[in-house]
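Text of entry-v1.txt, listed as compact mmCIF, C-alpha atoms and all ligand atoms:
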```
# COMPACT_ATOMS: atom_id res chain seq x y z
CA MET A 9 5.48 13.22 19.34
CA LYS A 10 7.30 11.84 16.27
CA ALA A 11 6.83 13.53 12.89
CA PRO A 12 4.09 11.92 10.77
CA LEU A 13 5.16 9.30 8.22
CA ALA A 14 3.01 11.08 5.63
CA GLU A 15 1.81 14.68 5.72
CA LEU A 16 -0.57 16.07 3.11
CA ARG A 17 -1.53 19.73 3.19
CA ASP A 18 -4.29 20.92 0.88
CA VAL A 19 -3.28 18.43 -1.81
CA SER A 20 -5.16 18.53 -5.11
CA HIS A 21 -4.60 16.46 -8.20
CA GLY A 22 -6.35 15.95 -11.53
CA PHE A 23 -5.92 14.51 -14.97
CA GLY A 24 -6.25 15.91 -18.49
CA ARG A 25 -6.28 19.43 -19.85
CA GLY A 26 -8.80 21.90 -21.15
CA ALA A 27 -12.27 20.48 -21.70
CA GLN A 28 -10.95 16.99 -20.77
CA ARG A 29 -9.71 18.21 -17.40
CA ARG A 30 -10.95 16.24 -14.40
CA ALA A 31 -10.20 17.27 -10.81
CA VAL A 32 -9.84 14.01 -8.89
CA LEU A 33 -8.46 14.97 -5.44
CA ARG A 34 -9.47 18.23 -3.86
CA GLY A 35 -7.87 19.85 -0.84
CA ILE A 36 -6.74 16.73 1.00
CA THR A 37 -5.15 17.39 4.39
CA LEU A 38 -4.05 14.33 6.30
CA ASP A 39 -1.35 13.00 8.65
CA LEU A 40 -0.43 9.33 8.87
CA ARG A 41 1.46 8.21 11.94
CA ALA A 42 3.17 5.04 13.09
CA GLY A 43 0.51 2.61 14.27
CA ASP A 44 -2.18 3.86 11.89
CA PHE A 45 -3.94 1.00 10.11
CA VAL A 46 -6.30 2.90 7.88
CA ALA A 47 -9.24 1.82 5.73
CA LEU A 48 -9.77 4.23 2.87
CA THR A 49 -13.34 3.78 1.66
CA GLY A 50 -15.50 5.57 -0.88
CA PRO A 51 -17.46 4.97 -4.07
CA SER A 52 -15.81 3.82 -7.26
CA GLY A 53 -14.08 6.79 -8.92
CA SER A 54 -13.92 8.87 -5.72
CA GLY A 55 -10.11 9.05 -5.92
CA LYS A 56 -8.85 6.33 -3.57
CA THR A 57 -6.31 4.83 -5.96
CA THR A 58 -5.10 8.28 -7.00
CA LEU A 59 -4.50 9.14 -3.33
CA LEU A 60 -2.62 5.83 -2.84
CA THR A 61 -0.37 6.60 -5.83
CA LEU A 62 0.53 9.96 -4.25
CA LEU A 63 1.23 8.27 -0.91
CA GLY A 64 3.43 5.77 -2.76
CA ALA A 65 5.51 8.52 -4.40
CA LEU A 66 4.32 7.18 -7.75
CA ARG A 67 3.03 10.66 -8.61
CA VAL A 68 3.79 14.17 -7.43
CA PRO A 69 0.71 16.24 -6.55
CA GLU A 70 -0.20 19.13 -8.82
CA GLU A 71 -1.00 21.34 -5.84
CA GLY A 72 -0.38 21.32 -2.11
CA ASP A 73 2.40 19.87 0.03
CA LEU A 74 3.24 16.20 0.38
CA ARG A 75 5.92 14.97 2.76
CA LEU A 76 6.62 11.25 2.84
CA LEU A 77 8.93 9.74 5.45
CA GLY A 78 10.16 13.24 6.26
CA GLN A 79 10.91 14.23 2.65
CA ASP A 80 9.14 16.81 0.51
CA VAL A 81 8.39 14.79 -2.64
CA ARG A 82 8.21 17.87 -4.83
CA GLY A 83 11.88 18.60 -4.29
CA LEU A 84 13.11 15.08 -5.16
CA GLU A 85 14.95 13.98 -8.31
CA ALA A 86 13.90 10.69 -9.96
CA LYS A 87 16.68 8.74 -8.18
CA ALA A 88 15.66 10.02 -4.76
CA LEU A 89 11.99 9.30 -5.53
CA GLY A 90 13.01 5.73 -6.41
CA ALA A 91 14.88 5.40 -3.11
CA LEU A 92 11.83 6.70 -1.26
CA ARG A 93 9.57 4.17 -3.04
CA ARG A 94 11.82 1.35 -1.88
CA ARG A 95 10.85 2.28 1.70
CA ILE A 96 7.18 1.80 0.84
CA GLY A 97 5.47 -1.58 0.48
CA PHE A 98 2.68 -2.15 -2.04
CA VAL A 99 -0.05 -4.79 -2.14
CA PHE A 100 -2.47 -4.75 -5.07
CA GLN A 101 -5.82 -6.34 -5.83
CA ARG A 102 -4.10 -8.98 -7.92
CA HIS A 103 -1.00 -10.49 -6.40
CA HIS A 104 1.30 -9.82 -9.42
CA LEU A 105 3.64 -12.65 -8.46
CA LEU A 106 6.14 -13.79 -11.09
CA ARG A 107 5.10 -17.21 -12.33
CA SER A 108 8.60 -18.16 -13.43
CA LEU A 109 9.93 -17.80 -9.86
CA SER A 110 9.21 -19.97 -6.84
CA VAL A 111 7.28 -18.62 -3.87
CA LEU A 112 10.52 -17.93 -1.96
CA GLU A 113 12.19 -16.31 -4.98
CA ASN A 114 9.24 -13.95 -5.37
CA VAL A 115 9.76 -12.68 -1.83
CA GLU A 116 13.54 -12.56 -2.17
CA ALA A 117 13.24 -10.60 -5.42
CA ALA A 118 11.86 -7.66 -3.43
CA LEU A 119 15.27 -7.40 -1.72
CA HIS A 120 17.35 -7.44 -4.89
CA GLY A 121 18.92 -4.17 -5.87
CA GLN A 122 18.94 -2.85 -2.31
CA PRO A 123 22.13 -0.89 -1.66
CA ASP A 124 23.12 -3.31 1.16
CA ALA A 125 21.98 -6.56 -0.55
CA ASP A 126 23.43 -9.76 0.91
CA ARG A 127 22.23 -13.06 -0.59
CA ALA A 128 22.37 -15.19 2.54
CA ARG A 129 20.79 -12.56 4.75
CA ASP A 130 18.11 -11.80 2.13
CA ARG A 131 17.21 -15.47 1.87
CA ALA A 132 16.90 -15.75 5.66
CA ALA A 133 14.70 -12.64 5.75
CA ALA A 134 12.47 -13.97 2.95
CA LEU A 135 12.14 -17.35 4.67
CA ALA A 136 11.26 -15.67 7.99
CA MET A 137 8.63 -13.55 6.26
CA LEU A 138 7.11 -16.60 4.53
CA GLU A 139 6.96 -18.28 7.93
CA ALA A 140 5.22 -15.19 9.33
CA VAL A 141 2.48 -15.37 6.68
CA GLY A 142 1.97 -19.08 7.38
CA LEU A 143 3.67 -20.39 4.23
CA GLY A 144 6.96 -21.51 5.72
CA GLY A 145 6.82 -24.90 4.04
CA ARG A 146 5.86 -23.61 0.60
CA GLY A 147 8.96 -21.64 -0.43
CA GLY A 148 10.01 -24.13 -3.11
CA ASP A 149 6.56 -24.34 -4.70
CA SER A 150 5.55 -22.71 -7.93
CA THR A 151 3.17 -19.82 -7.25
CA ALA A 152 0.64 -21.50 -9.57
CA LEU A 153 0.17 -24.25 -6.96
CA LEU A 154 -1.14 -21.79 -4.35
CA SER A 155 -4.73 -20.75 -3.78
CA GLY A 156 -5.72 -17.11 -4.37
CA GLY A 157 -5.55 -16.37 -0.64
CA GLU A 158 -2.11 -17.98 -0.34
CA GLN A 159 -0.85 -16.02 -3.35
CA GLN A 160 -2.03 -12.82 -1.73
CA ARG A 161 -0.24 -13.81 1.50
CA VAL A 162 2.96 -14.16 -0.56
CA ALA A 163 2.26 -10.68 -1.93
CA VAL A 164 2.02 -9.44 1.69
CA ALA A 165 5.34 -11.14 2.50
CA ARG A 166 6.93 -9.54 -0.56
CA ALA A 167 5.62 -6.09 0.46
CA LEU A 168 6.80 -6.40 4.08
CA VAL A 169 10.16 -8.13 3.67
CA ARG A 170 11.94 -4.80 3.23
CA ARG A 171 10.39 -3.61 6.49
CA PRO A 172 8.75 -0.58 4.89
CA SER A 173 7.68 2.44 6.94
CA LEU A 174 4.55 2.87 4.86
CA VAL A 175 2.42 0.04 3.43
CA LEU A 176 -0.19 0.77 0.77
CA ALA A 177 -2.77 -1.81 -0.21
CA ASP A 178 -5.25 -1.20 -3.02
CA GLU A 179 -8.28 -3.50 -2.71
CA PRO A 180 -6.15 -6.37 -1.35
CA THR A 181 -9.20 -8.56 -0.66
CA ALA A 182 -11.23 -7.83 -3.80
CA SER A 183 -10.42 -11.08 -5.59
CA LEU A 184 -10.69 -13.27 -2.46
CA ASP A 185 -13.53 -14.98 -0.62
CA GLY A 186 -14.49 -13.53 2.79
CA THR A 187 -12.37 -15.88 4.90
CA SER A 188 -9.21 -15.55 2.80
CA GLY A 189 -9.67 -11.78 2.56
CA ARG A 190 -9.97 -11.43 6.29
CA ALA A 191 -6.89 -13.63 6.78
CA VAL A 192 -4.87 -11.32 4.52
CA VAL A 193 -5.97 -8.15 6.35
CA THR A 194 -5.42 -9.78 9.75
CA LEU A 195 -1.87 -10.65 8.68
CA LEU A 196 -1.19 -7.15 7.42
CA ALA A 197 -2.37 -5.76 10.77
CA ALA A 198 -0.44 -8.29 12.88
CA LEU A 199 2.83 -7.96 10.98
CA THR A 200 2.87 -4.16 11.04
CA ARG A 201 1.62 -3.64 14.60
CA GLY A 202 4.19 -2.25 17.02
CA ARG A 203 6.54 -1.24 14.20
CA ASP A 204 7.34 2.26 13.04
CA CYS A 205 4.92 1.84 10.19
CA ALA A 206 1.55 3.06 8.86
CA VAL A 207 -0.77 1.07 6.58
CA VAL A 208 -3.40 2.50 4.23
CA MET A 209 -5.79 0.07 2.60
CA GLY A 210 -8.19 1.21 -0.12
CA THR A 211 -11.21 -1.06 0.20
CA HIS A 212 -14.86 -1.69 -0.57
CA ASP A 213 -14.80 -4.68 1.78
CA GLU A 214 -17.11 -3.96 4.75
CA ARG A 215 -16.12 -7.29 6.30
CA CYS A 216 -12.63 -6.08 7.21
CA LEU A 217 -13.43 -2.68 8.68
CA ASP A 218 -13.41 -3.94 12.27
CA LEU A 219 -9.69 -4.73 11.88
CA VAL A 220 -8.52 -1.15 11.27
CA THR A 221 -7.56 1.57 13.74
CA ARG A 222 -8.85 4.42 11.60
CA ARG A 223 -11.29 5.04 8.77
CA LEU A 224 -11.10 7.67 6.05
CA HIS A 225 -13.92 8.17 3.58
CA MET A 226 -13.57 9.79 0.16
CA GLU A 227 -16.45 11.35 -1.77
CA ASP A 228 -15.78 12.94 -5.11
CA GLY A 229 -12.13 13.64 -4.31
CA VAL A 230 -12.77 15.11 -0.87
CA LEU A 231 -11.89 13.42 2.42
CA LYS A 232 -15.27 13.38 4.18
CA GLN A 233 -14.57 11.87 7.54
CA THR A 234 -11.52 11.16 9.61
CA GLU A 235 -12.76 8.92 12.33
CA GLN A 236 -10.83 6.76 14.73
CA ALA A 237 -12.27 3.25 14.73
CA ALA A 238 -13.25 1.75 18.07
N1 LIG B 1 -4.11 8.25 -15.28
C1 LIG B 1 -5.35 8.76 -15.33
N2 LIG B 1 -5.73 9.54 -16.37
C2 LIG B 1 -6.97 10.06 -16.43
N3 LIG B 1 -7.92 9.86 -15.49
C3 LIG B 1 -7.60 9.09 -14.44
C4 LIG B 1 -6.30 8.50 -14.30
N4 LIG B 1 -6.29 7.78 -13.15
C5 LIG B 1 -7.52 7.93 -12.60
N5 LIG B 1 -8.30 8.70 -13.37
C6 LIG B 1 -9.69 9.09 -13.08
O1 LIG B 1 -9.73 9.60 -11.77
C7 LIG B 1 -10.96 9.23 -11.13
C8 LIG B 1 -10.65 8.58 -9.79
O2 LIG B 1 -10.04 7.32 -10.04
P1 LIG B 1 -9.47 6.39 -8.88
O3 LIG B 1 -8.96 5.15 -9.54
O4 LIG B 1 -8.54 7.17 -8.05
O5 LIG B 1 -10.80 6.08 -8.05
P2 LIG B 1 -11.09 4.94 -6.98
O6 LIG B 1 -11.84 5.59 -5.86
O7 LIG B 1 -9.84 4.23 -6.64
O8 LIG B 1 -12.07 3.98 -7.77
P3 LIG B 1 -12.28 2.37 -7.63
O9 LIG B 1 -12.90 2.14 -6.28
O10 LIG B 1 -13.21 2.05 -8.77
O11 LIG B 1 -10.93 1.74 -7.79
C9 LIG B 1 -11.70 8.33 -12.10
O12 LIG B 1 -12.67 9.08 -12.77
C10 LIG B 1 -10.62 7.87 -13.05
O13 LIG B 1 -11.16 7.65 -14.33
```
In structure tokens, write the structure found in this file.
Ligand SMILES: Nc1ncnc2c1ncn2[C@@H]1O[C@H](COP(=O)(O)OP(=O)(O)OP(=O)(O)O)[C@@H](O)[C@H]1O
Amino acid sequence: MKAPLAELRDVSHGFGRGAQRRAVLRGITLDLRAGDFVALTGPSGSGKTTLLTLLGALRVPEEGDLRLLGQDVRGLEAKALGALRRRIGFVFQRHHLLRSLSVLENVEAALHGQPDADRARDRAAALAMLEAVGLGGRGGDSTALLSGGEQQRVAVARALVRRPSLVLADEPTASLDGTSGRAVVTLLAALTRGRDCAVVMGTHDERCLDLVTRRLHMEDGVLKQTEQAA
């Protein structure tokens, strides 16, 4: 069996010091493997976003071991952490597209600064990814012309165009109606299936839970259940 894409062993994390101290994640042990499409559920404040930031190498845990894509994040310098982050795709609640760039340029921008950047190849990859999210004809449009669901599909294209090994989505459907939200999660599942990739989606959206392969539930910083979905 291949090594997990993410391995957490007894990971704890908190914020603040002294009387202001707040323990947010407590003793999290978890493996994520290729093919996992995970819904991370739990009440507001239970620690879902904090866990996603650790999985995204945006923070280093205060305690415990965290290996991402085979690397121990604690041992990494800032440059190596940056390189690791470039192998991870992020989708947020709001799309965070750049209004001054066209739809296609927003997706292409995710490829800029890559060590092996190549303009023509990057453009072809961005166009193919826009096609894959059903927006093949909209590359030249301003992002302001798109609906909320379409904008979030561009955000999915932007996150996946680098072919990341780990995709992290924090409430990707929260600002969308039910149909558009489901379309976004369906796309995320379809475009990552069969690839050497794991997806973790923090969500309160009950309507999308049938689309995942695995459910994790957080309560007060503790992972309560690790259940395989049907
Ligand atoms: N940078 C920070 N500094 C201090 N406290 C923080 C910080 N980030 C998060 N917290 C606190 O950690 C706790 C968990 O927050 P987190 O955002 O991880 O929860 P969540 O489960 O994602 O919540 P929601 O579903 O509302 O997004 C909260 O009490 C929050 O206030």
> So which residues touch stretch 177-194 of chain A within 12 Å, counting only C-alpha atoms, skipping near sequence neighbours fewer than 6 positions away, as number ranges by chain?
Replying inline: A: 45-50, 52, 55-61, 63-64, 96-104, 140-142, 155-165, 167-168, 200-201, 206-220
> Using all atoms listed in the file, which of the listed residues (A:Asp126, A:Arg82, A:Glu139, A:Asp204) sits closest to A:Pro12?
Replying inline: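 Checking each of A:Asp126, A:Arg82, A:Glu139, A:Asp204 against A:Pro12, counting all atoms listed in the file, the winner is A:Asp204.
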> So which residues touch A:Val19 within 7 Å, counting all atoms listed in the file, skipping near sequence neighbours fewer than 3 positions away, as a count of residues only?
Replying inline: 9
>> Which residues are near A:Leu119? Cut-off 12 Å, only C-alpha atoms, ignore same chain within fewer than 5 positions. Put them as a PyMOL selection string.
In response: chain A and resi 94-95+97+112-114+124-134+165-172
>> What does the structure give for the distance between atom C1 of ligand LIG 1 (chain B) and atom CA of A:Phe23, in Å to one decimal?
In response: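 Rounded to one decimal, the two atoms are 5.8 Å apart.
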> How far is it from atom O3 of ligand LIG 1 (chain B) to atom CA of A:Lys87, in Å with one decimal?
Replying inline: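 Result for atom O3 of ligand LIG 1 (chain B) versus atom CA of A:Lys87: 25.9 Å, one decimal.
With only C-alpha atoms and all ligand atoms as the atoms that count, the minimum distance from ligand LIG 1 (chain B) to the choices A:Leu66, A:Ala27, A:Gly53, A:Arg17 is reached by A:Gly53.
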> Hey, what's within 7 Å of A:Leu13 if we count all atoms listed in the file and toss same-chain stuff fewer than 4 positions away? As a list in words, please?
Replying inline: Leu40, Arg41, Ala42, Leu76, Leu77 and Gly78 of chain A
In file coordinates, which residues lie within 8 Å of (-15.5, 13.8, -9.3) using only C-alpha atoms, given as an mmCIF file with C-alpha atoms, in the frame of the given file?
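The resulting file, selection_37.cif, is reproduced below:
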```cif
data_model
loop_
_atom_site.group_PDB
_atom_site.id
_atom_site.type_symbol
_atom_site.label_atom_id
_atom_site.label_comp_id
_atom_site.auth_asym_id
_atom_site.auth_seq_id
_atom_site.Cartn_x
_atom_site.Cartn_y
_atom_site.Cartn_z
ATOM 1 C CA ARG A 30 -10.950 16.240 -14.400
ATOM 2 C CA ALA A 31 -10.200 17.270 -10.810
ATOM 3 C CA VAL A 32 -9.840 14.010 -8.890
ATOM 4 C CA GLY A 53 -14.080 6.790 -8.920
ATOM 5 C CA SER A 54 -13.920 8.870 -5.720
ATOM 6 C CA GLY A 55 -10.110 9.050 -5.920
ATOM 7 C CA GLU A 227 -16.450 11.350 -1.770
ATOM 8 C CA ASP A 228 -15.780 12.940 -5.110
ATOM 9 C CA GLY A 229 -12.130 13.640 -4.310
#
```
> Quick one: of A:Asp18, A:Cys205, A:Arg222, A:Pro51, who's nearest to ligand LIG 1 (chain B), counting only C-alpha atoms and all ligand atoms?
Replying inline: A:Pro51
> Do you have the atom CA of A:Pro123-atom CA of A:Ala88 distance handy?
Replying inline: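 For atom CA of A:Pro123 relative to atom CA of A:Ala88, the distance reads 13.1 Å.
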> Smallest atom-to-atom distance to ligand LIG 1 (chain B): which of A:Leu105, A:Ala65, A:Arg29, A:Leu74, using all atoms listed in the file?
Replying inline: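 The closest residue to ligand LIG 1 (chain B) is A:Arg29.
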> Nearest to ligand LIG 1 (chain B): which of A:Leu153, A:Leu143, A:Leu195, A:Leu33 is it, counting only C-alpha atoms and all ligand atoms?
Replying inline: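 Checking each candidate against ligand LIG 1 (chain B), we get A:Leu33 as the closest.
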Let me have the centre and edge lengths in Å, one decimal, of the box along x, y and z around every listed atom of ligand LIG 1 (chain B) with 4 Å of margin on each side, as lines of an AutoDock Vina configuration file.
```
center_x = -8.7
center_y = 5.9
center_z = -11.1
size_x = 17.1
size_y = 16.3
size_z = 18.6
```
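The residue that comes closest to ligand LIG 1 (chain B), out of A:Arg107, A:His120, A:His21, A:Arg93 and on the basis of all atoms listed in the file, is A:His21.
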